[in-house]
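Student: Below is the file data.cif, which contains mmCIF, C-alpha atoms.
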data_protein
#
loop_
_atom_site.label_atom_id
_atom_site.label_comp_id
_atom_site.auth_asym_id
_atom_site.auth_seq_id
_atom_site.Cartn_x
_atom_site.Cartn_y
_atom_site.Cartn_z
CA MET A 1 39.35 -4.15 5.18
CA ASN A 2 36.09 -4.95 3.36
CA ASP A 3 34.78 -6.59 6.55
CA HIS A 4 35.29 -3.38 8.48
CA LEU A 5 33.80 -1.23 5.75
CA SER A 6 30.80 -3.54 5.49
CA GLY A 7 30.36 -3.41 9.26
CA TYR A 8 30.54 0.38 9.21
CA ALA A 9 27.90 0.69 6.49
CA LEU A 10 25.77 -1.87 8.33
CA ALA A 11 25.86 0.13 11.58
CA LEU A 12 24.83 3.35 9.80
CA GLY A 13 22.21 1.49 7.79
CA ASP A 14 20.70 -0.13 10.89
CA ASP A 15 20.46 3.27 12.59
CA ALA A 16 18.50 4.61 9.63
CA LEU A 17 16.32 1.50 9.24
CA VAL A 18 15.22 1.28 12.87
CA ALA A 19 14.69 5.05 13.06
CA ALA A 20 12.55 4.85 9.90
CA GLN A 21 10.36 2.10 11.32
CA ARG A 22 9.93 3.89 14.66
CA THR A 23 9.15 7.23 13.00
CA GLY A 24 6.66 5.54 10.69
CA GLU A 25 4.69 4.35 13.71
CA TRP A 26 3.41 7.91 14.03
CA ILE A 27 1.50 7.73 10.77
CA ALA A 28 -2.20 8.01 11.69
CA SER A 29 -1.25 8.76 15.34
CA ALA A 30 0.31 12.22 15.05
CA PRO A 31 -1.45 15.24 16.58
CA GLN A 32 -2.83 16.29 13.18
CA ILE A 33 -3.03 14.94 9.66
CA GLU A 34 -0.39 17.35 8.34
CA GLU A 35 2.03 15.96 10.92
CA ASP A 36 1.23 12.39 9.82
CA VAL A 37 2.43 13.36 6.36
CA ALA A 38 5.50 15.21 7.67
CA LEU A 39 6.62 12.26 9.79
CA GLY A 40 5.79 9.86 6.96
CA ASN A 41 8.08 11.84 4.65
CA ILE A 42 10.85 11.83 7.24
CA ALA A 43 10.49 8.08 7.81
CA LEU A 44 10.70 7.49 4.06
CA ASP A 45 13.85 9.62 3.79
CA LEU A 46 15.44 7.50 6.53
CA LEU A 47 14.27 4.32 4.84
CA GLY A 48 15.89 5.45 1.60
CA GLN A 49 19.18 6.04 3.42
CA ALA A 50 18.86 2.61 5.07
CA ARG A 51 18.28 0.90 1.73
CA SER A 52 21.37 2.45 0.16
CA LEU A 53 23.59 1.70 3.16
CA LEU A 54 22.35 -1.86 3.67
CA THR A 55 22.60 -2.67 -0.04
CA TYR A 56 26.19 -1.43 0.04
CA ALA A 57 27.01 -3.32 3.27
CA GLY A 58 25.57 -6.55 1.87
CA SER A 59 27.46 -6.17 -1.43
CA LEU A 60 30.77 -6.16 0.46
CA GLU A 61 30.04 -9.41 2.26
CA ALA A 62 31.06 -12.84 1.04
CA PRO A 63 28.67 -14.38 0.22
CA GLN A 64 26.73 -11.26 -0.60
CA ARG A 65 23.44 -10.43 1.12
CA SER A 66 20.61 -8.27 -0.22
CA GLU A 67 19.01 -5.32 1.57
CA ASP A 68 16.01 -7.56 2.27
CA ASP A 69 18.19 -10.32 3.73
CA LEU A 70 19.67 -7.76 6.08
CA ALA A 71 16.45 -5.96 6.98
CA TYR A 72 14.08 -8.89 7.34
CA PHE A 73 16.10 -11.98 8.14
CA ARG A 74 18.42 -10.95 10.93
CA ASP A 75 17.46 -11.24 14.60
CA ALA A 76 17.84 -8.43 17.12
CA ALA A 77 21.30 -9.56 18.29
CA GLU A 78 22.61 -9.14 14.73
CA PHE A 79 21.50 -5.50 14.50
CA ARG A 80 24.17 -2.84 15.03
CA ASN A 81 22.03 0.26 15.62
CA VAL A 82 22.42 2.57 18.59
CA LEU A 83 19.83 2.19 21.35
CA LEU A 84 18.45 5.71 20.81
CA VAL A 85 16.63 4.72 17.61
CA GLU A 86 14.92 1.69 19.18
CA ARG A 87 13.55 3.69 22.11
CA PRO A 88 9.79 3.20 22.48
CA ARG A 89 7.68 5.78 20.70
CA GLY A 90 6.64 7.70 23.84
CA ASP A 91 4.64 10.90 23.60
CA PHE A 92 5.15 13.55 20.94
CA GLY A 93 7.58 15.47 23.17
CA ALA A 94 9.83 12.44 23.59
CA ALA A 95 9.60 11.75 19.86
CA MET A 96 10.64 15.31 18.98
CA ALA A 97 13.50 15.21 21.51
CA ARG A 98 14.73 12.00 19.85
CA ALA A 99 14.20 13.47 16.39
CA LEU A 100 16.24 16.57 17.24
CA VAL A 101 19.11 14.51 18.66
CA LEU A 102 19.14 12.06 15.75
CA ALA A 103 18.85 14.66 12.99
CA THR A 104 21.54 16.87 14.52
CA TYR A 105 23.88 13.89 14.85
CA LEU A 106 23.12 12.64 11.33
CA GLY A 107 23.61 16.16 9.94
CA GLU A 108 27.11 16.32 11.38
CA LEU A 109 27.86 12.77 10.23
CA TYR A 110 26.65 13.08 6.63
CA GLU A 111 28.25 16.50 6.24
CA ARG A 112 31.63 14.90 6.96
CA LEU A 113 30.91 11.68 5.09
CA ARG A 114 30.26 13.64 1.88
CA THR A 115 34.00 13.90 1.44
CA SER A 116 34.70 10.26 2.27
CA THR A 117 37.33 8.67 0.07
CA ASP A 118 34.81 5.87 -0.45
CA GLU A 119 32.75 7.05 -3.41
CA MET A 120 29.66 5.07 -2.48
CA LEU A 121 29.51 6.42 1.08
CA ALA A 122 30.23 9.94 -0.19
CA GLY A 123 27.36 9.66 -2.68
CA ILE A 124 24.88 8.35 -0.12
CA ALA A 125 25.87 11.10 2.32
CA ALA A 126 25.60 13.86 -0.29
CA LYS A 127 21.96 12.93 -0.91
CA ALA A 128 21.14 12.37 2.76
CA VAL A 129 22.63 15.60 4.07
CA LYS A 130 19.81 17.71 2.56
CA GLU A 131 17.18 15.33 3.86
CA VAL A 132 18.38 15.39 7.46
CA ALA A 133 18.76 19.18 7.34
CA TYR A 134 15.00 19.30 6.88
CA HIS A 135 14.44 16.70 9.62
CA ARG A 136 16.44 18.88 11.98
CA ASP A 137 14.48 21.97 11.01
CA HIS A 138 11.20 20.13 11.57
CA ALA A 139 12.23 18.84 15.01
CA THR A 140 13.63 22.25 15.96
CA MET A 141 10.32 23.96 15.11
CA TRP A 142 8.44 21.63 17.43
CA VAL A 143 10.97 21.69 20.28
CA LEU A 144 10.86 25.51 20.24
CA ARG A 145 7.07 25.63 20.27
CA LEU A 146 6.55 22.92 22.85
CA GLY A 147 9.43 24.05 25.09
CA ASP A 148 8.44 27.71 25.00
CA GLY A 149 4.70 26.97 24.90
CA THR A 150 2.24 26.24 27.67
CA GLU A 151 3.11 24.97 31.11
CA GLU A 152 2.08 21.45 30.14
CA SER A 153 3.89 21.43 26.79
CA HIS A 154 7.06 22.71 28.47
CA ALA A 155 6.91 20.04 31.19
CA ARG A 156 6.31 17.23 28.70
CA MET A 157 9.01 18.45 26.31
CA GLN A 158 11.51 18.58 29.17
CA ALA A 159 10.43 15.13 30.38
CA GLY A 160 10.89 13.74 26.87
CA LEU A 161 14.32 15.28 26.61
CA ASP A 162 15.34 13.89 30.01
CA ALA A 163 14.15 10.42 28.99
CA GLU A 164 16.07 10.34 25.69
CA TRP A 165 19.25 12.11 26.73
CA PRO A 166 20.95 9.10 28.41
CA TYR A 167 21.18 7.58 24.92
CA VAL A 168 23.13 10.47 23.41
CA ASP A 169 26.62 9.38 24.51
CA GLU A 170 26.44 6.14 22.55
CA LEU A 171 26.16 8.11 19.28
CA PHE A 172 29.65 9.50 19.79
CA ASP A 173 31.33 6.31 21.00
CA SER A 174 33.90 5.62 18.30
CA SER A 175 34.84 2.10 19.43
CA TYR A 176 32.82 0.51 16.62
CA VAL A 177 34.76 2.28 13.86
CA ASP A 178 38.01 0.69 12.73
CA PRO A 179 40.73 3.37 13.12
CA ARG A 180 42.22 2.30 9.79
CA LEU A 181 38.98 3.30 8.06
CA VAL A 182 39.22 6.71 9.70
CA ASP A 183 42.90 7.06 8.73
CA ALA A 184 42.04 6.14 5.14
CA GLY A 185 39.41 8.89 5.05
CA VAL A 186 36.62 6.36 4.53
CA ALA A 187 34.82 6.54 7.88
CA ILE A 188 34.17 9.35 10.36
CA ASP A 189 35.33 9.22 13.98
CA PRO A 190 32.08 10.23 15.73
CA SER A 191 33.82 11.50 18.86
CA GLY A 192 34.92 14.57 16.88
CA MET A 193 31.28 15.49 16.23
CA ARG A 194 30.30 15.86 19.88
CA GLU A 195 31.29 19.49 20.24
CA PRO A 196 29.37 20.87 17.25
CA PHE A 197 26.44 18.63 18.22
CA ASP A 198 26.35 20.06 21.75
CA ALA A 199 26.56 23.60 20.40
CA ARG A 200 23.69 23.15 17.94
CA VAL A 201 21.38 21.32 20.35
CA GLY A 202 22.34 23.71 23.16
CA ASP A 203 21.23 26.67 21.01
CA VAL A 204 17.83 25.13 20.37
CA LEU A 205 17.27 24.15 24.01
CA ALA A 206 18.23 27.62 25.25
CA GLN A 207 15.80 29.26 22.83
CA ALA A 208 13.14 26.76 23.85
CA THR A 209 13.70 27.59 27.56
CA LEU A 210 14.62 23.93 28.19
CA GLN A 211 17.36 22.61 30.45
CA LEU A 212 20.16 20.45 29.16
CA PRO A 213 19.46 17.22 31.07
CA ALA A 214 21.93 16.31 33.78
CA VAL A 215 21.39 12.58 33.54
CA ARG A 216 23.73 9.61 33.63
CA ALA A 217 24.45 7.95 30.32
CA ALA A 218 22.65 4.65 29.77
CA GLU A 219 24.64 1.53 29.16
CA GLY A 220 25.23 1.31 25.41
CA GLY A 221 25.91 -1.91 23.58
CA GLY A 222 23.75 -1.49 20.49
CA ARG A 223 26.79 -1.56 18.18
CA GLU A 224 27.71 -4.99 19.62
CA GLY A 225 24.18 -6.33 19.27
CA ARG A 226 23.12 -5.91 22.90
CA HIS A 227 19.66 -4.48 22.47
CA THR A 228 16.62 -3.72 24.56
CA GLU A 229 13.30 -5.52 24.44
CA HIS A 230 11.98 -2.61 22.37
CA LEU A 231 14.01 -3.64 19.32
CA ARG A 232 12.62 -7.18 19.38
CA GLU A 233 9.09 -5.79 19.41
CA LEU A 234 9.87 -3.40 16.58
CA LEU A 235 11.44 -6.17 14.50
CA ALA A 236 8.50 -8.52 15.10
CA ASP A 237 6.30 -5.87 13.55
CA MET A 238 8.67 -4.96 10.72
CA GLN A 239 9.78 -8.48 9.78
CA GLY A 240 6.57 -10.45 10.33
CA LEU A 241 5.20 -10.18 6.81
CA ALA A 242 8.49 -10.88 5.03
CA ARG A 243 9.10 -13.94 7.21
CA ALA A 244 5.58 -15.30 6.79
CA HIS A 245 5.91 -15.04 2.99
CA PRO A 246 9.63 -15.39 2.16
CA GLY A 247 10.49 -14.14 -1.31
CA ALA A 248 7.12 -12.45 -1.83
CA THR A 249 7.17 -9.46 -4.16
CA TRP A 250 4.69 -6.77 -5.12
CA MET B 1 -0.29 27.68 21.36
CA PRO B 2 -4.09 27.42 21.03
CA ASP B 3 -5.87 24.09 21.14
CA ARG B 4 -5.31 22.38 17.83
CA ARG B 5 -9.01 22.46 17.04
CA ASP B 6 -8.62 26.24 17.02
CA TRP B 7 -5.56 26.29 14.78
CA PRO B 8 -6.10 28.80 11.99
CA LEU B 9 -6.65 27.81 8.39
CA PHE B 10 -3.94 28.75 5.90
CA GLU B 11 -4.30 28.91 2.12
CA VAL B 12 -1.34 27.46 0.22
CA PHE B 13 0.10 28.79 -3.04
CA VAL B 14 2.75 26.95 -5.05
CA ARG B 15 4.91 28.26 -7.87
CA SER B 16 5.50 25.22 -10.00
CA ARG B 17 8.55 26.62 -11.80
CA ARG B 18 10.44 29.82 -12.35
CA GLY B 19 8.61 32.34 -14.47
CA LEU B 20 5.13 31.15 -13.53
CA SER B 21 2.90 32.71 -10.89
CA HIS B 22 2.06 31.15 -7.56
CA ALA B 23 -1.21 29.26 -7.89
CA HIS B 24 -3.62 28.27 -5.15
CA VAL B 25 -3.42 24.54 -4.44
CA GLY B 26 -5.37 24.04 -1.21
CA SER B 27 -5.41 24.78 2.47
CA LEU B 28 -4.30 23.35 5.81
CA HIS B 29 -4.35 23.99 9.54
CA ALA B 30 -1.24 24.99 11.48
CA PRO B 31 -0.45 26.72 14.78
CA ASP B 32 1.41 29.57 13.04
CA ALA B 33 2.73 30.67 9.66
CA GLN B 34 6.19 29.06 9.94
CA MET B 35 4.67 25.68 10.76
CA ALA B 36 2.12 26.19 7.98
CA LEU B 37 4.96 26.67 5.52
CA ARG B 38 6.56 23.41 6.59
CA ASN B 39 3.26 21.56 6.54
CA ALA B 40 2.66 22.92 3.05
CA ARG B 41 6.06 21.64 1.96
CA ASP B 42 5.19 18.20 3.28
CA VAL B 43 1.63 18.03 2.03
CA TYR B 44 1.77 19.87 -1.31
CA THR B 45 5.31 19.51 -2.70
CA ARG B 46 6.09 15.84 -2.03
CA ARG B 47 6.35 15.12 -5.74
CA GLN B 48 8.44 18.10 -6.76
CA GLU B 49 5.39 20.21 -7.54
CA GLY B 50 7.11 23.48 -6.82
CA VAL B 51 10.08 25.77 -6.37
CA SER B 52 8.42 28.33 -4.08
CA LEU B 53 5.64 28.34 -1.50
CA TRP B 54 3.38 30.99 -0.01
CA VAL B 55 1.02 30.51 2.89
CA VAL B 56 -1.61 33.09 3.80
CA GLU B 57 -3.91 32.94 6.77
CA ALA B 58 -7.35 32.44 5.23
CA ALA B 59 -8.84 35.11 7.51
CA ALA B 60 -6.51 37.69 5.94
CA ILE B 61 -8.02 37.25 2.49
CA THR B 62 -10.73 39.72 1.48
CA ALA B 63 -12.94 37.96 -1.05
CA SER B 64 -15.67 39.22 -3.36
CA SER B 65 -19.09 38.17 -2.19
CA PRO B 66 -21.35 35.89 -4.25
CA GLU B 67 -24.26 38.35 -3.80
CA GLU B 68 -22.24 41.07 -5.48
CA LYS B 69 -21.43 38.89 -8.45
CA ASP B 70 -23.81 40.68 -10.84
CA ALA B 71 -22.59 44.16 -9.98
CA PHE B 72 -18.96 43.10 -10.02
CA PHE B 73 -18.72 41.06 -13.18
CA ASP B 74 -21.71 41.43 -15.47
CA PRO B 75 -20.98 45.01 -16.66
CA ALA B 76 -17.86 43.69 -18.43
CA GLY B 77 -19.97 41.27 -20.44
CA ASP B 78 -20.93 43.55 -23.37
CA LYS B 79 -17.76 45.57 -23.69
CA ILE B 80 -16.08 43.61 -26.38
CA TYR B 81 -13.92 46.62 -27.31
CA ARG B 82 -11.88 45.87 -24.23
CA HIS B 83 -10.57 42.75 -25.91
CA PRO B 84 -7.61 43.21 -28.21
CA THR B 85 -9.37 41.50 -31.12
CA PHE B 86 -9.61 44.39 -33.59
CA TYR B 87 -6.06 44.41 -34.83
CA ASP B 88 -4.76 42.90 -38.05
CA ILE B 89 -1.85 40.70 -37.12
CA PRO B 90 1.04 41.05 -39.57
CA GLU B 91 2.05 37.85 -41.25
CA GLY B 92 4.97 36.04 -39.71
CA VAL B 93 4.39 37.32 -36.16
CA GLU B 94 4.06 34.24 -34.01
CA HIS B 95 3.90 35.40 -30.41
CA LEU B 96 1.28 38.11 -30.23
#
Could you write out this file's structure as structure tokens?
Tutor:
Amino acid sequence: MNDHLSGYALALGDDALVAAQRTGEWIASAPQIEEDVALGNIALDLLGQARSLLTYAGSLEAPQRSEDDLAYFRDAAEFRNVLLVERPRGDFGAAMARALVLATYLGELYERLRTSTDEMLAGIAAKAVKEVAYHRDHATMWVLRLGDGTEESHARMQAGLDAEWPYVDELFDSSYVDPRLVDAGVAIDPSGMREPFDARVGDVLAQATLQLPAVRAAEGGGREGRHTEHLRELLADMQGLARAHPGATW
Amino acid sequence: MPDRRDWPLFEVFVRSRRGLSHAHVGSLHAPDAQMALRNARDVYTRRQEGVSLWVVEAAAITASSPEEKDAFFDPAGDKIYRHPTFYDIPEGVEHL
């Protein structure tokens, strides 16, 4: 059972870690300095969630692994994140489309995980749920303004949404969660979150005069370690320093 | 939305805790007031500096002019009777 719990925490932790790194890439590249700070804050929230989840996942393994072992010394094929979070940065419209999808999904997930029978997961979720509520608000503000803005902002926001939407289905694929964990009230079956997710995102898109993309789902596989080239590039950047100087500390 | 170089300037006020007044902490640019409020949250309350935020478009503030400083403020200079310093404070009163 511990194997499955560890794998569950690892998958959620990898989602948060890769999303944090990708979001952090905006620092010094956002449209304005205030947005650099906003995205920096969001990236740090996600990094905090990743640290808690990875520390917990590693503590359940035998032999145990630290958060740093898991973050810096695994190769792409050992990562269990969904493909959405490793998507290339793209323009600001694509980034806000991804941010809205991720924050809405994480909001539904953490809201349910707060009452997990696993105290550690419940505690992590209780802290994270407030953080992702703000992330969702931030992304919503931008999607509304860009979608219902100028002709160019509308076109680019819609294009960003169309590009990211094929990666939505994978978020709700429950095949990576052991049904016994769900039965025990430890883990959340993500397929049950699809309806409220669609309703929330649908509201925002309608207000923003954007169309729900009618696109085919991309092939998933992130939860089994089948990743795109984009993750390898992201990891090279994120892991380079730690691997060049193993064991280095501040 | 106007070009971001034309985004208006907003002045930011933070109330650091209940019972205190909002105090001016700085300014920032934003496309509108709602975004300014969020930017202010991110820029000025990252370290738990406050429990409430106000943003005001800088153009909406009417300020006293430096040229009028003498007429505005100097006449109060010699009117010491406006200060409550002529009372004997009874012994044992701490908060007066």
Student: Write out as an MDAnalysis selection string which residues come within 10 Å of A:Arg200 when counting only C-alpha atoms, dropping same-chain ones fewer than 5 positions away.
Tutor: chainID A and resid 100:101 104:105 195 205
Student: Any chance you could export the current selection's C-alpha atoms as a JSON list (two decimals), in the frame of the given file?
Tutor:
[["chain", "number", "residue", "atom", "x", "y", "z"],
["A", 100, "LEU", "CA", 16.24, 16.57, 17.24],
["A", 101, "VAL", "CA", 19.11, 14.51, 18.66],
["A", 104, "THR", "CA", 21.54, 16.87, 14.52],
["A", 105, "TYR", "CA", 23.88, 13.89, 14.85],
["A", 195, "GLU", "CA", 31.29, 19.49, 20.24],
["A", 205, "LEU", "CA", 17.27, 24.15, 24.01]]
Student: Taking all atoms listed in the file into account, find every residue of chain B that has an atom no more than 9 Å from chain A, and write it out as a PDB file with C-alpha atoms, in the coordinates of the input.
Tutor:
ATOM      1  CA  MET B   1      -0.290  27.680  21.360  1.00  0.00           C
ATOM      2  CA  ARG B   4      -5.310  22.380  17.830  1.00  0.00           C
ATOM      3  CA  LEU B  28      -4.300  23.350   5.810  1.00  0.00           C
ATOM      4  CA  HIS B  29      -4.350  23.990   9.540  1.00  0.00           C
ATOM      5  CA  ALA B  30      -1.240  24.990  11.480  1.00  0.00           C
ATOM      6  CA  GLN B  34       6.190  29.060   9.940  1.00  0.00           C
ATOM      7  CA  MET B  35       4.670  25.680  10.760  1.00  0.00           C
ATOM      8  CA  ARG B  38       6.560  23.410   6.590  1.00  0.00           C
ATOM      9  CA  ASN B  39       3.260  21.560   6.540  1.00  0.00           C
ATOM     10  CA  ALA B  40       2.660  22.920   3.050  1.00  0.00           C
ATOM     11  CA  ARG B  41       6.060  21.640   1.960  1.00  0.00           C
ATOM     12  CA  ASP B  42       5.190  18.200   3.280  1.00  0.00           C
ATOM     13  CA  VAL B  43       1.630  18.030   2.030  1.00  0.00           C
ATOM     14  CA  ARG B  46       6.090  15.840  -2.030  1.00  0.00           C
TER      15      ARG B  46
END
Student: Separation of atom CA of A:Ala208 and atom CA of B:Ala59, in Å?
Tutor: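 Taking atom CA of A:Ala208 as the start and atom CA of B:Ala59 as the end point, the length is 28.6 Å.
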Student: Go ahead and find all residues with at least one atom no further than 10 Å from (33.8, 13.4, 4.8) in the file's coordinates, using only C-alpha atoms; report them as a list in words.
Tutor: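 Output of the proximity query reads Glu108, Leu109, Tyr110, Glu111, Arg112, Leu113, Arg114, Thr115, Ser116, Thr117, Asp118, Leu121, Ala122, Ala125, Ala126, Val182, Gly185, Val186, Ala187 and Ile188 of chain A.
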Student: Can you list what the PyMOL selection byres ((chain A and resi 209-216) around 10) grabs from this structure, as a ChimeraX atom specification?
Tutor: /A:143-144,146-149,154-155,157-159,161-167,169,198,201-202,204-208,217-219
Student: Find, counting only C-alpha atoms, the residue in A:Ala20, A:Val129, A:Leu84, A:Ala30 that gets nearest to A:His230.
Tutor: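 Residue with the minimum atom-to-atom distance to A:His230: A:Leu84.
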Student: If we count all atoms listed in the file and set the cut-off at 9 Å, which residues sit around A:Leu171, ignoring sequence neighbours fewer than 5 positions away in its own chain? Please answer as a list in words.
Tutor: Val82, Leu83, Leu84, Leu102, Tyr105, Pro190, Ser191 and Arg194 of chain A
Student: Can you list, as a VMD selection string, the residues that the PyMOL selection byres ((chain A and resi 243-249) around 10) selects here?
Tutor: chain A and resid 68 to 69 72 to 73 236 238 to 242 250
Student: Which distance in Å separates atom CA of A:Tyr8 and atom CA of A:Asp178, to one decimal?
Tutor: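 That distance, rounded to one decimal, is 8.3 Å.
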Student: Just the number, please: distance in Å from atom CA of B:Val14 to atom CA of B:Ser64, one decimal.
Tutor: 22.2 Å
Student: Do you know which residues the PyMOL selection byres ((chain A and resi 221) around 10) returns on this file, as a ChimeraX atom specification?
Tutor: /A:80-83,170,218-220,222-228
